[in-house]
>>> print(open('my_file.txt').read())   # compact mmCIF, C-alpha atoms
# COMPACT_ATOMS: atom_id res chain seq x y z
CA MET B 1 236.48 51.68 -19.96
CA GLY B 2 239.43 52.68 -22.09
CA LYS B 3 242.02 50.49 -23.69
CA ASN B 4 244.56 51.33 -20.98
CA GLY B 5 242.14 50.20 -18.27
CA LYS B 6 241.45 46.92 -20.02
CA LYS B 7 245.18 46.31 -20.46
CA ARG B 8 245.74 47.07 -16.79
CA ILE B 9 243.02 44.59 -15.74
CA LEU B 10 244.47 41.97 -18.08
CA LYS B 11 247.95 42.39 -16.63
CA VAL B 12 246.65 42.16 -13.07
CA SER B 13 244.69 39.02 -13.96
CA ILE B 14 247.75 37.43 -15.53
CA ILE B 15 249.84 38.28 -12.47
CA ILE B 16 247.22 36.81 -10.10
CA ILE B 17 246.88 33.64 -12.17
CA SER B 18 250.67 33.30 -12.33
CA ILE B 19 250.94 33.70 -8.56
CA ILE B 20 248.26 31.06 -8.01
CA CYS B 21 249.95 28.66 -10.40
CA LEU B 22 253.34 29.30 -8.83
CA TYR B 23 251.90 28.70 -5.36
CA GLY B 24 250.31 25.47 -6.57
CA LEU B 25 253.59 24.33 -8.05
CA LEU B 26 255.40 25.16 -4.82
CA LEU B 27 252.86 23.12 -2.83
CA ALA B 28 253.15 20.23 -5.26
CA ASN B 29 256.91 20.39 -5.07
CA GLN B 30 256.70 20.47 -1.28
CA GLU B 31 254.43 17.42 -1.26
CA THR B 32 256.71 15.59 -3.68
CA SER B 33 259.78 16.60 -1.71
CA VAL B 34 258.35 15.40 1.63
CA GLN B 35 257.10 12.14 0.11
CA LYS B 36 260.43 11.37 -1.56
CA ARG B 37 262.41 12.19 1.56
CA ALA B 38 260.08 10.06 3.69
CA GLU B 39 260.31 7.15 1.22
CA ALA B 40 264.11 7.36 1.23
CA ALA B 41 264.21 7.42 5.04
CA LEU B 42 261.84 4.44 5.20
CA LYS B 43 264.00 2.47 2.79
CA ALA B 44 267.05 3.28 4.92
CA ARG B 45 265.10 2.16 8.03
CA ASN B 46 265.50 5.63 9.53
CA TYR B 47 262.08 5.45 11.13
CA ALA B 48 262.66 8.42 13.44
CA GLU B 49 263.26 10.66 10.38
CA VAL B 50 260.07 9.37 8.72
CA GLU B 51 258.07 10.17 11.86
CA LYS B 52 259.57 13.65 12.09
CA LEU B 53 258.81 14.43 8.43
CA GLY B 54 255.40 12.80 8.35
CA GLU B 55 253.96 14.14 11.59
CA THR B 56 255.00 17.71 10.82
CA TYR B 57 253.70 17.61 7.25
CA LEU B 58 250.39 15.90 8.06
CA LYS B 59 249.43 18.54 10.60
CA GLU B 60 248.97 20.92 7.66
CA HIS B 61 248.01 18.30 5.05
CA PRO B 62 245.96 15.57 6.79
CA GLU B 63 244.42 14.60 3.44
CA ASP B 64 247.72 13.29 2.01
CA THR B 65 247.21 9.53 2.31
CA GLU B 66 250.49 8.68 0.57
CA VAL B 67 252.66 10.38 3.17
CA ALA B 68 250.36 9.06 5.92
CA PHE B 69 250.89 5.48 4.69
CA ILE B 70 254.67 5.91 4.72
CA LEU B 71 254.39 7.18 8.31
CA ALA B 72 252.19 4.20 9.29
CA GLN B 73 254.79 1.78 7.90
CA ALA B 74 257.60 3.44 9.84
CA GLU B 75 255.65 3.27 13.09
CA ALA B 76 254.67 -0.35 12.46
CA PHE B 77 258.22 -1.45 11.63
CA SER B 78 259.57 0.29 14.74
CA GLY B 79 257.07 -1.55 16.97
CA LYS B 80 254.71 1.37 17.59
CA TYR B 81 251.67 -0.65 16.67
CA GLU B 82 248.98 1.48 18.30
CA GLU B 83 250.30 4.68 16.71
CA ALA B 84 250.46 2.96 13.32
CA ILE B 85 246.87 1.74 13.60
CA LYS B 86 245.69 5.29 14.44
CA VAL B 87 247.31 6.61 11.25
CA ILE B 88 245.88 3.73 9.21
CA ASP B 89 242.38 4.41 10.55
CA GLN B 90 242.74 8.04 9.49
CA ILE B 91 243.67 6.85 5.98
CA LEU B 92 240.69 4.48 5.89
CA ASN B 93 238.33 7.28 6.97
CA LEU B 94 239.39 9.13 3.81
CA VAL B 95 239.77 6.09 1.55
CA PRO B 96 237.86 3.08 3.00
CA ASP B 97 239.16 0.69 0.32
CA HIS B 98 242.83 1.68 0.61
CA HIS B 99 244.28 -1.77 -0.17
CA ASP B 100 247.79 -1.29 1.23
CA ALA B 101 246.49 0.29 4.45
CA LEU B 102 244.09 -2.60 5.03
CA LEU B 103 246.85 -5.18 4.53
CA LEU B 104 249.24 -3.29 6.81
CA LYS B 105 246.59 -3.16 9.51
CA ALA B 106 246.05 -6.93 9.16
CA ARG B 107 249.80 -7.53 9.48
CA ILE B 108 250.03 -5.39 12.60
CA LEU B 109 247.14 -7.29 14.18
CA ILE B 110 248.95 -10.56 13.38
CA TRP B 111 252.13 -9.24 15.01
CA LYS B 112 250.07 -8.30 18.07
CA GLY B 113 248.57 -11.80 18.22
CA GLN B 114 245.05 -10.60 17.36
CA VAL B 115 244.59 -13.15 14.60
CA SER B 116 240.77 -13.10 14.71
CA ALA B 117 240.65 -9.38 13.94
CA ALA B 118 243.25 -9.84 11.21
CA ARG B 119 241.22 -12.68 9.72
CA GLN B 120 238.13 -10.44 9.42
CA ILE B 121 240.04 -7.80 7.44
CA LEU B 122 241.67 -10.35 5.14
CA GLU B 123 238.49 -12.31 4.45
CA ALA B 124 236.65 -9.06 3.64
CA THR B 125 239.46 -8.12 1.24
CA LEU B 126 239.31 -11.52 -0.45
CA GLU B 127 235.54 -11.30 -0.84
CA LYS B 128 236.10 -8.32 -3.11
CA ASN B 129 239.10 -9.88 -4.88
CA PRO B 130 239.59 -13.64 -4.37
CA MET B 131 242.82 -13.47 -6.39
CA ASP B 132 244.52 -10.96 -4.06
CA ILE B 133 247.97 -12.51 -3.62
CA GLU B 134 249.06 -10.44 -0.62
CA ALA B 135 245.82 -11.08 1.25
CA LEU B 136 246.10 -14.83 0.57
CA LEU B 137 249.65 -14.88 1.95
CA GLU B 138 248.63 -13.04 5.10
CA LEU B 139 245.56 -15.25 5.61
CA GLY B 140 247.86 -18.25 5.34
CA ARG B 141 249.94 -16.79 8.16
CA VAL B 142 246.76 -16.41 10.23
CA GLU B 143 245.92 -20.08 9.66
CA GLU B 144 249.44 -21.09 10.69
CA LEU B 145 249.20 -19.17 13.95
CA SER B 146 245.77 -20.70 14.56
CA GLY B 147 247.18 -24.21 14.19
CA GLN B 148 245.30 -24.83 10.93
CA LEU B 149 248.33 -26.02 8.99
CA HIS B 150 246.36 -27.80 6.28
CA GLN B 151 244.35 -24.66 5.45
CA ALA B 152 247.55 -22.59 5.43
CA GLU B 153 249.16 -25.08 3.05
CA GLU B 154 246.19 -24.86 0.67
CA LEU B 155 246.35 -21.06 0.66
CA TYR B 156 250.07 -21.00 -0.16
CA LEU B 157 249.60 -23.55 -2.93
CA GLN B 158 246.76 -21.38 -4.26
CA VAL B 159 249.14 -18.42 -4.40
CA ILE B 160 251.74 -20.47 -6.30
CA GLY B 161 249.09 -21.73 -8.72
CA GLN B 162 248.19 -18.16 -9.75
CA ASN B 163 251.66 -17.53 -11.27
CA PRO B 164 252.34 -14.45 -9.13
CA SER B 165 255.48 -12.32 -9.11
CA SER B 166 258.67 -14.16 -8.25
CA GLU B 167 258.82 -12.33 -4.90
CA SER B 168 255.30 -13.41 -3.89
CA GLU B 169 255.86 -16.98 -5.06
CA ALA B 170 259.11 -17.12 -3.10
CA ALA B 171 257.24 -15.97 0.02
CA ALA B 172 254.69 -18.77 -0.47
CA TRP B 173 257.40 -21.42 -0.83
CA PHE B 174 259.14 -20.07 2.28
CA ARG B 175 255.96 -20.29 4.35
CA LEU B 176 255.32 -23.81 3.03
CA SER B 177 258.76 -24.85 4.27
CA LYS B 178 257.77 -23.73 7.77
CA ILE B 179 254.64 -25.87 7.65
CA TYR B 180 256.51 -28.96 6.50
CA GLN B 181 259.11 -28.45 9.22
CA GLN B 182 256.36 -28.46 11.84
CA SER B 183 254.97 -31.71 10.47
CA GLY B 184 258.45 -33.30 10.38
CA ASN B 185 258.69 -33.53 6.58
CA TRP B 186 262.27 -32.26 6.39
CA GLU B 187 262.96 -33.29 2.83
CA LYS B 188 259.95 -31.41 1.49
CA ALA B 189 260.72 -28.41 3.68
CA GLU B 190 264.24 -28.16 2.23
CA GLN B 191 262.91 -28.39 -1.32
CA CYS B 192 260.55 -25.47 -0.64
CA LEU B 193 263.39 -23.38 0.78
CA GLU B 194 265.51 -24.05 -2.28
CA LYS B 195 262.68 -22.86 -4.54
CA ALA B 196 262.26 -19.69 -2.45
CA VAL B 197 265.97 -18.88 -2.73
CA LYS B 198 265.99 -19.58 -6.48
CA LEU B 199 263.07 -17.19 -7.04
CA ASP B 200 264.38 -14.46 -4.73
CA PRO B 201 268.16 -14.97 -4.45
CA ASN B 202 268.75 -11.55 -2.87
CA ASN B 203 266.56 -12.30 0.14
CA LYS B 204 269.00 -12.85 3.00
CA ASP B 205 266.33 -14.33 5.29
CA TYR B 206 265.62 -17.14 2.82
CA LEU B 207 269.29 -17.81 2.22
CA ASN B 208 270.19 -17.86 5.93
CA GLU B 209 267.26 -20.14 6.66
CA LEU B 210 268.33 -22.55 3.94
CA ASN B 211 271.94 -22.62 5.13
CA SER B 212 270.90 -23.23 8.74
CA PHE B 213 268.36 -25.81 7.68
CA LYS B 214 270.92 -27.79 5.69
CA LYS B 215 273.19 -27.98 8.71
CA ILE B 216 270.40 -29.31 10.91
CA SER B 217 268.58 -31.53 8.47
CA SER B 218 271.33 -32.97 6.29
CA LYS B 219 271.12 -36.36 7.97
CA GLU B 220 267.34 -36.30 8.32
CA SER B 221 266.80 -35.54 4.64
CA ALA B 222 269.31 -38.21 3.66
CA THR B 223 267.11 -40.78 5.38
CA GLY B 224 263.91 -39.63 3.73
CA GLY B 225 263.00 -36.87 6.18
CA LYS B 226 263.21 -39.08 9.29
CA ARG B 227 264.58 -37.69 12.55
CA ALA B 228 266.27 -39.47 15.43
CA GLU B 229 267.61 -38.32 18.80
CA ILE B 230 269.05 -39.97 21.89
CA TRP B 231 268.60 -38.44 25.35
CA VAL B 232 270.16 -39.25 28.72
CA GLN B 233 268.30 -37.97 31.77
CA TYR B 234 269.16 -37.76 35.46
CA ARG B 235 266.64 -36.84 38.14
CA SER B 236 266.97 -36.40 41.89
CA ASP B 237 264.16 -35.92 44.45
CA ASN B 238 265.03 -34.96 48.02
CA TYR B 239 262.78 -34.57 51.04
CA SER B 240 263.87 -31.89 53.49
CA ASP B 241 264.11 -34.40 56.35
CA GLN B 242 265.36 -37.39 54.34
CA PRO B 243 268.18 -36.75 51.86
CA ASN B 244 268.74 -38.96 48.81
CA SER B 245 265.12 -40.06 48.78
CA PHE B 246 264.71 -40.82 45.08
CA SER B 247 266.90 -40.72 42.00
CA SER B 248 266.65 -42.10 38.51
CA GLU B 249 268.54 -42.34 35.25
CA ARG B 250 266.87 -42.85 31.90
CA VAL B 251 267.91 -43.33 28.30
CA LEU B 252 265.36 -42.30 25.68
CA PHE B 253 265.54 -42.74 21.92
CA LEU B 254 263.32 -40.50 19.76
CA TYR B 255 262.45 -41.77 16.30
CA ARG B 256 260.05 -40.26 13.78
CA PRO B 257 259.24 -42.90 11.15
CA SER B 258 256.82 -40.56 9.35
CA SER B 259 255.48 -37.02 9.56
CA VAL B 260 252.42 -38.25 11.51
CA LEU B 261 254.09 -40.39 14.17
CA THR B 262 256.81 -39.95 16.79
CA LEU B 263 258.02 -42.88 18.94
CA ILE B 264 260.15 -42.70 22.10
CA PRO B 265 261.33 -46.05 23.52
CA LYS B 266 262.92 -45.66 26.98
CA LEU B 267 264.92 -47.56 29.59
CA GLY B 268 265.27 -46.47 33.18
CA HIS B 269 266.88 -47.25 36.51
CA SER B 270 265.66 -45.77 39.80
CA ARG B 271 266.40 -45.90 43.51
CA TYR B 272 263.89 -45.12 46.25
CA PHE B 273 265.52 -45.33 49.71
CA ASN B 274 267.99 -47.92 48.38
CA ARG B 275 265.31 -50.01 46.67
CA THR B 276 265.99 -50.43 42.96
CA ASP B 277 263.62 -50.60 39.99
CA TYR B 278 264.13 -51.01 36.26
CA LEU B 279 261.78 -49.36 33.80
CA PHE B 280 260.88 -50.29 30.20
CA GLY B 281 258.54 -47.97 28.35
CA LEU B 282 257.30 -46.46 25.11
CA GLU B 283 255.83 -43.05 24.34
CA ALA B 284 253.98 -42.36 21.09
CA TYR B 285 252.66 -39.15 19.55
CA PRO B 286 250.41 -40.04 16.58
CA ARG B 287 248.48 -37.43 14.59
CA LEU B 288 244.81 -38.41 14.58
CA TRP B 289 242.66 -36.07 12.51
CA LYS B 290 242.51 -32.43 11.58
CA GLY B 291 244.09 -30.39 14.39
CA ALA B 292 244.38 -33.38 16.75
CA TYR B 293 247.10 -35.64 18.08
CA ALA B 294 247.43 -38.15 20.91
CA TYR B 295 249.96 -38.81 23.66
CA LEU B 296 250.27 -42.49 24.64
CA ASP B 297 252.64 -43.61 27.43
CA LEU B 298 253.11 -47.32 28.28
CA ASN B 299 255.44 -48.49 31.09
CA TYR B 300 256.48 -51.67 32.88
CA SER B 301 258.84 -51.83 35.86
CA THR B 302 260.43 -54.62 37.86
CA PRO B 303 260.54 -55.50 40.71
CA ALA B 304 258.24 -52.45 41.18
CA ASN B 305 259.41 -51.42 44.65
CA SER B 306 258.49 -47.77 44.14
CA LEU B 307 257.48 -47.47 40.50
CA PRO B 308 254.11 -48.81 39.33
CA ARG B 309 254.30 -52.36 37.99
CA THR B 310 252.42 -51.20 34.91
CA SER B 311 251.01 -47.87 33.87
CA TRP B 312 249.35 -46.44 30.79
CA LEU B 313 248.27 -42.96 29.88
CA LEU B 314 246.24 -41.74 26.92
CA GLU B 315 245.61 -38.05 26.32
CA ILE B 316 244.12 -36.46 23.19
CA TYR B 317 244.91 -32.87 22.23
CA GLN B 318 242.63 -30.89 19.91
CA HIS B 319 243.06 -27.45 18.38
CA LEU B 320 240.01 -25.41 19.34
CA TYR B 321 240.27 -21.86 18.03
CA ASP B 322 242.96 -19.32 17.02
CA GLY B 323 245.93 -20.58 19.03
CA LEU B 324 243.77 -22.29 21.67
CA GLU B 325 244.05 -26.03 22.28
CA GLY B 326 242.59 -28.40 24.85
CA SER B 327 243.12 -31.98 25.98
CA LEU B 328 241.42 -34.77 27.91
CA GLY B 329 243.08 -37.93 29.16
CA TYR B 330 243.14 -40.88 31.54
CA TRP B 331 246.09 -42.33 33.44
CA ARG B 332 246.07 -45.71 35.22
CA MET B 333 248.89 -46.93 37.50
CA HIS B 334 249.17 -50.36 39.19
CA PHE B 335 251.49 -50.16 42.22
CA ARG B 336 252.27 -53.24 44.31
CA THR B 337 250.17 -51.92 47.21
CA THR B 338 247.49 -49.87 45.45
CA ASN B 339 246.03 -48.80 42.12
CA VAL B 340 245.66 -45.17 41.13
CA SER B 341 243.56 -43.49 38.44
CA VAL B 342 244.08 -39.91 37.30
CA TYR B 343 241.77 -37.94 35.01
CA LEU B 344 243.61 -35.25 33.06
CA GLY B 345 242.63 -32.12 31.20
CA SER B 346 244.32 -28.98 29.93
CA LEU B 347 243.82 -25.70 28.09
CA GLY B 348 246.70 -23.99 26.29
CA TYR B 349 247.00 -20.75 24.34
CA TYR B 350 249.75 -19.56 21.98
CA PHE B 351 250.33 -15.80 21.91
CA LYS B 352 253.21 -14.56 19.75
CA ASP B 353 256.33 -16.16 21.29
CA TYR B 354 254.52 -17.25 24.46
CA TYR B 355 252.49 -20.27 25.50
CA PHE B 356 250.22 -20.31 28.55
CA SER B 357 248.56 -23.44 29.89
CA LEU B 358 246.29 -24.60 32.69
CA ARG B 359 246.40 -28.30 33.57
CA GLY B 360 244.13 -30.20 35.95
CA TYR B 361 244.40 -33.62 37.69
CA TYR B 362 241.62 -35.49 39.49
CA THR B 363 242.16 -38.76 41.39
CA PRO B 364 239.00 -40.52 42.66
CA GLU B 365 240.76 -43.15 44.82
CA GLU B 366 241.16 -42.62 48.54
CA THR B 367 244.94 -42.56 48.07
CA GLY B 368 244.71 -39.09 46.64
CA LYS B 369 241.14 -37.92 46.35
CA ASN B 370 240.82 -34.27 45.31
CA PHE B 371 241.77 -31.97 42.50
CA SER B 372 245.08 -30.37 41.52
CA TRP B 373 245.98 -27.70 39.00
CA VAL B 374 249.13 -26.24 37.48
CA VAL B 375 249.60 -23.09 35.43
CA GLN B 376 252.64 -22.64 33.22
CA GLY B 377 254.00 -19.87 31.06
CA ARG B 378 256.61 -20.42 28.34
CA LYS B 379 258.75 -17.97 26.41
CA TYR B 380 259.90 -19.34 23.04
CA PHE B 381 263.13 -18.36 21.31
CA GLY B 382 262.46 -20.64 18.33
CA PRO B 383 260.26 -23.64 17.54
CA GLU B 384 262.07 -25.86 20.09
CA ASN B 385 263.89 -23.44 22.40
CA TYR B 386 262.11 -22.06 25.44
CA PHE B 387 262.13 -21.55 29.19
CA TYR B 388 259.14 -21.77 31.52
CA LEU B 389 257.79 -21.07 35.00
CA SER B 390 255.11 -23.12 36.78
CA PHE B 391 252.86 -22.79 39.80
CA GLY B 392 250.41 -25.36 41.11
CA SER B 393 248.18 -26.28 44.04
CA GLY B 394 246.06 -29.22 45.18
CA SER B 395 246.41 -32.85 46.18
CA ARG B 396 249.24 -33.54 43.68
CA PRO B 397 250.03 -30.67 41.32
CA PHE B 398 252.65 -32.74 39.47
CA GLU B 399 253.10 -35.90 37.41
CA ILE B 400 253.14 -38.96 39.69
CA THR B 401 256.29 -41.02 39.05
CA ASN B 402 256.85 -43.14 42.17
CA LEU B 403 255.29 -44.34 45.39
CA GLY B 404 256.69 -41.36 47.29
CA ASP B 405 254.51 -39.01 45.26
CA LEU B 406 251.41 -40.53 46.88
CA ILE B 407 252.23 -39.19 50.35
CA PHE B 408 251.74 -35.57 49.23
CA ILE B 409 248.08 -34.81 49.80
CA LYS B 410 247.78 -31.01 49.83
CA SER B 411 250.69 -29.22 48.22
CA LEU B 412 252.00 -26.08 46.55
CA LEU B 413 254.38 -26.31 43.60
CA PHE B 414 256.86 -23.76 42.31
CA GLY B 415 258.92 -24.73 39.29
CA GLY B 416 260.82 -23.69 36.23
CA GLY B 417 262.99 -25.05 33.47
CA PHE B 418 264.34 -24.73 29.96
CA ASN B 419 264.83 -26.67 26.73
CA PHE B 420 267.42 -25.64 24.13
CA TYR B 421 269.10 -27.05 21.04
CA PHE B 422 272.53 -25.62 20.25
CA MET B 423 275.48 -26.23 17.92
CA THR B 424 273.05 -27.85 15.47
CA HIS B 425 272.79 -31.28 17.13
CA TRP B 426 272.96 -30.92 20.90
CA LYS B 427 270.03 -30.75 23.30
CA LEU B 428 270.04 -29.52 26.90
CA GLU B 429 266.97 -29.57 29.12
CA GLY B 430 266.69 -28.70 32.79
CA HIS B 431 263.93 -28.66 35.40
CA PHE B 432 263.61 -27.57 39.02
CA SER B 433 260.60 -27.68 41.33
CA LEU B 434 259.83 -27.17 44.99
CA ILE B 435 256.80 -29.00 46.39
CA LYS B 436 255.63 -27.99 49.86
CA GLU B 437 252.96 -29.83 51.81
CA LYS B 438 251.36 -27.82 54.60
CA ASP B 439 253.10 -28.39 57.97
CA ASP B 440 255.16 -31.23 56.51
CA PRO B 441 258.57 -31.65 54.84
CA HIS B 442 259.03 -30.20 51.38
CA ARG B 443 260.54 -31.91 48.38
CA THR B 444 262.88 -30.52 45.77
CA THR B 445 263.21 -32.07 42.34
CA VAL B 446 266.06 -31.43 39.93
CA SER B 447 266.44 -33.07 36.54
CA LEU B 448 268.87 -32.57 33.70
CA THR B 449 268.65 -34.05 30.21
CA GLY B 450 271.33 -34.05 27.55
CA GLY B 451 270.77 -35.24 24.01
CA TYR B 452 272.12 -35.55 20.51
CA ARG B 453 270.22 -35.18 17.25
CA PHE B 454 271.38 -37.44 14.42
>>> encode(input="my_file.txt", output="structure tokens")
Amino acid sequence: MGKNGKKRILKVSIIIISIICLYGLLLANQETSVQKRAEAALKARNYAEVEKLGETYLKEHPEDTEVAFILAQAEAFSGKYEEAIKVIDQILNLVPDHHDALLLKARILIWKGQVSAARQILEATLEKNPMDIEALLELGRVEELSGQLHQAEELYLQVIGQNPSSESEAAAWFRLSKIYQQSGNWEKAEQCLEKAVKLDPNNKDYLNELNSFKKISSKESATGGKRAEIWVQYRSDNYSDQPNSFSSERVLFLYRPSSVLTLIPKLGHSRYFNRTDYLFGLEAYPRLWKGAYAYLDLNYSTPANSLPRTSWLLEIYQHLYDGLEGSLGYWRMHFRTTNVSVYLGSLGYYFKDYYFSLRGYYTPEETGKNFSWVVQGRKYFGPENYFYLSFGSGSRPFEITNLGDLIFIKSLLFGGGFNFYFMTHWKLEGHFSLIKEKDDPHRTTVSLTGGYRF
């Protein structure tokens, strides 16, 4: 081959190599351009733009895990959990140990209420790296949702002890404040919020929480974290064939002397077909052991025309597993004409902002032998604000309060109500129920409670 032929081959080779390099650069620029545009759209919370860019690009480049992860975040943040998990699973098929994808999947499962599945991912991640700050924070959230507040507290303190970034430490202090609020330790909760804001002053969620908290807890923290409330309650029960059957007024004072005990002394006045009773009582909610608390209700009435002369109720609640709790109890009432025993039990489950419960009553005495049950569903709008609906059936699918309750032997119950705190200090609670005994008059119950938080 002559020199001209060799030169020609060399030129062609250079041209081909240049074309290949140029094509590679164009592809790289395209990948970089799509990734940057998607990241900018994600930061601006333009999730629809991220989905448009990501889905189109990944059809031709399914191996690009970076763009895929940006797409998964956009779908997760816009509430498209199932779509996000599909993208994450595709990432994990390519890169099984993709740390950010695993954590995002755990967060999505937490948001969906599937805390057991989230726990498995987080514990597996921590087995490989026990010092993983993000995994520890998310596992703490799982423990919170499961009712294991002590374990959650230990995890957040472990995060703080590792001297993490200021952002991660602020997140741990913020979560600790939530735990202390649930246990009634308002002073400690406020201190944690202040530390979170100091570490991450640009976080609006922390700042808003602290400002709201100070409005609510200023008086509680000034008294060492103690809380007090006073409630006034009116209740009216009416039989369809006998109006003005039963009514009562009560004054209740809530006092929390420590984070492990709540006391509610109460005074009441009732009328049952023009016969008057006065009530003196005390409710107590002590914490017992890990994941358990008790409900104790003691009452005395005089002259006991319709209310029991004395009554006492003890019920113990125990956290069982991942948002599930159960209770067992016994209730004894001494009326002037008869004595009544009630065996109690319940199962309740927390799911996201909802709470579902099944409650059973069994009375062995002839005055009300048989079993009753009530199901209830609550929708929460905050730790203390909710509304609910109830349905029950049986001998007495309701809490016995007076002698008139004993005449209902086989009944259906439909009910609903709400509980809200507003304008920082004010409480409003309402309840309505319709109780219908087969082939007999029905009874409607209406109660309204107003209160003030000091």
>>> residues_near_point(input="my_file.txt", point="(246.3, 8.6, 7.7)", cutoff="7 Å", atoms="only C-alpha atoms", output="NGL selection string")
:B and (65 or 68-69 or 87-91)
>>> residues_around(input="my_file.txt", residues="range 157-165 of chain B", least_positions_apart="3", cutoff="12 Å", atoms="all atoms listed in the file", output="PyMOL selection string")
chain B and resi 130-140+150-154+168-177+179+192+195-196+199-200
>>> residues_near_point(input="my_file.txt", point="(251.9, -32.6, 36.9)", cutoff="9 Å", atoms="all atoms listed in the file", output="list in words")
Arg359, Gly360, Tyr361, Ser372, Trp373, Val374, Gly392, Arg396, Pro397, Phe398, Glu399 and Ile400 of chain B
>>> atom_distance(input="my_file.txt", atom1="CA of Gln114 in chain B", atom2="CA of Asn185 in chain B")
28.8 Å
>>> atom_distance(input="my_file.txt", atom1="CA of Pro364 in chain B", atom2="CA of Asp277 in chain B")
26.7 Å
>>> residues_around(input="my_file.txt", residues="Asn274 in chain B", least_positions_apart="2", cutoff="12 Å", atoms="all atoms listed in the file", output="JSON, numbers by chain")
{"B": [243, 244, 245, 246, 247, 248, 269, 270, 271, 272, 276, 277, 305, 306]}
>>> axis_aligned_box(input="my_file.txt", around="range 443-454 of chain B", padding_each_side="6 Å", output="lines of an AutoDock Vina configuration file")
center_x = 266.3
center_y = -34.0
center_z = 31.4
size_x = 23.6
size_y = 18.9
size_z = 46.0
>>> closest_residue(input="my_file.txt", among="B:Glu75, B:Glu123, B:Glu315, B:Asp100", to="Leu344 in chain B", atoms="all atoms listed in the file")
B:Glu315
>>> atom_distance(input="my_file.txt", atom1="CA of Phe381 in chain B", atom2="CA of Glu167 in chain B")
27.2 Å
>>> closest_residue(input="my_file.txt", among="B:Leu307, B:Val67, B:Ile230, B:Leu155", to="Leu406 in chain B", atoms="all atoms listed in the file")
B:Leu307
>>> closest_residue(input="my_file.txt", among="B:Asn238, B:Tyr295, B:Leu428, B:Gln318", to="Val446 in chain B", atoms="all atoms listed in the file")
B:Asn238
>>> closest_residue(input="my_file.txt", among="B:Leu58, B:Ile110, B:Ala117, B:Leu448", to="Glu249 in chain B", atoms="all atoms listed in the file")
B:Leu448
>>> residues_around(input="my_file.txt", residues="Val197 in chain B", least_positions_apart="3", cutoff="8 Å", atoms="only C-alpha atoms", output="list in words")
Ala170, Leu193, Glu194, Asp200, Pro201, Asn202, Asn203, Tyr206, Leu207 and Leu210 of chain B
>>> write_last_selection(input="my_file.txt", atoms="C-alpha atoms", output="mmCIF file, in the frame of the given file")
data_model
loop_
_atom_site.group_PDB
_atom_site.id
_atom_site.type_symbol
_atom_site.label_atom_id
_atom_site.label_comp_id
_atom_site.auth_asym_id
_atom_site.auth_seq_id
_atom_site.Cartn_x
_atom_site.Cartn_y
_atom_site.Cartn_z
ATOM 1 C CA ALA B 170 259.110 -17.120 -3.100
ATOM 2 C CA LEU B 193 263.390 -23.380 0.780
ATOM 3 C CA GLU B 194 265.510 -24.050 -2.280
ATOM 4 C CA ASP B 200 264.380 -14.460 -4.730
ATOM 5 C CA PRO B 201 268.160 -14.970 -4.450
ATOM 6 C CA ASN B 202 268.750 -11.550 -2.870
ATOM 7 C CA ASN B 203 266.560 -12.300 0.140
ATOM 8 C CA TYR B 206 265.620 -17.140 2.820
ATOM 9 C CA LEU B 207 269.290 -17.810 2.220
ATOM 10 C CA LEU B 210 268.330 -22.550 3.940
#
>>> closest_residue(input="my_file.txt", among="B:Met423, B:Ala228, B:Leu324, B:Leu92", to="Tyr355 in chain B", atoms="only C-alpha atoms")
B:Leu324
>>> closest_residue(input="my_file.txt", among="B:Ser240, B:Thr338, B:Asn299, B:Thr262", to="Ala284 in chain B", atoms="all atoms listed in the file")
B:Thr262
>>> decode(input="my_file.txt", residues="range 338-349 of chain B", atoms="C-alpha atoms", output="PDB file, in the first residue's frame")
ATOM      1  CA  THR B 338     -78.675  -4.275  92.219  1.00  0.00           C
ATOM      2  CA  ASN B 339     -74.963  -4.767  91.649  1.00  0.00           C
ATOM      3  CA  VAL B 340     -73.436  -4.972  88.196  1.00  0.00           C
ATOM      4  CA  SER B 341     -70.075  -6.283  86.990  1.00  0.00           C
ATOM      5  CA  VAL B 342     -68.660  -5.594  83.537  1.00  0.00           C
ATOM      6  CA  TYR B 343     -65.587  -7.235  82.016  1.00  0.00           C
ATOM      7  CA  LEU B 344     -63.880  -5.014  79.452  1.00  0.00           C
ATOM      8  CA  GLY B 345     -61.434  -5.541  76.636  1.00  0.00           C
ATOM      9  CA  SER B 346     -60.271  -3.681  73.546  1.00  0.00           C
ATOM     10  CA  LEU B 347     -57.952  -3.757  70.554  1.00  0.00           C
ATOM     11  CA  GLY B 348     -56.815  -0.549  68.859  1.00  0.00           C
ATOM     12  CA  TYR B 349     -54.615   0.176  65.847  1.00  0.00           C
TER      13      TYR B 349
END
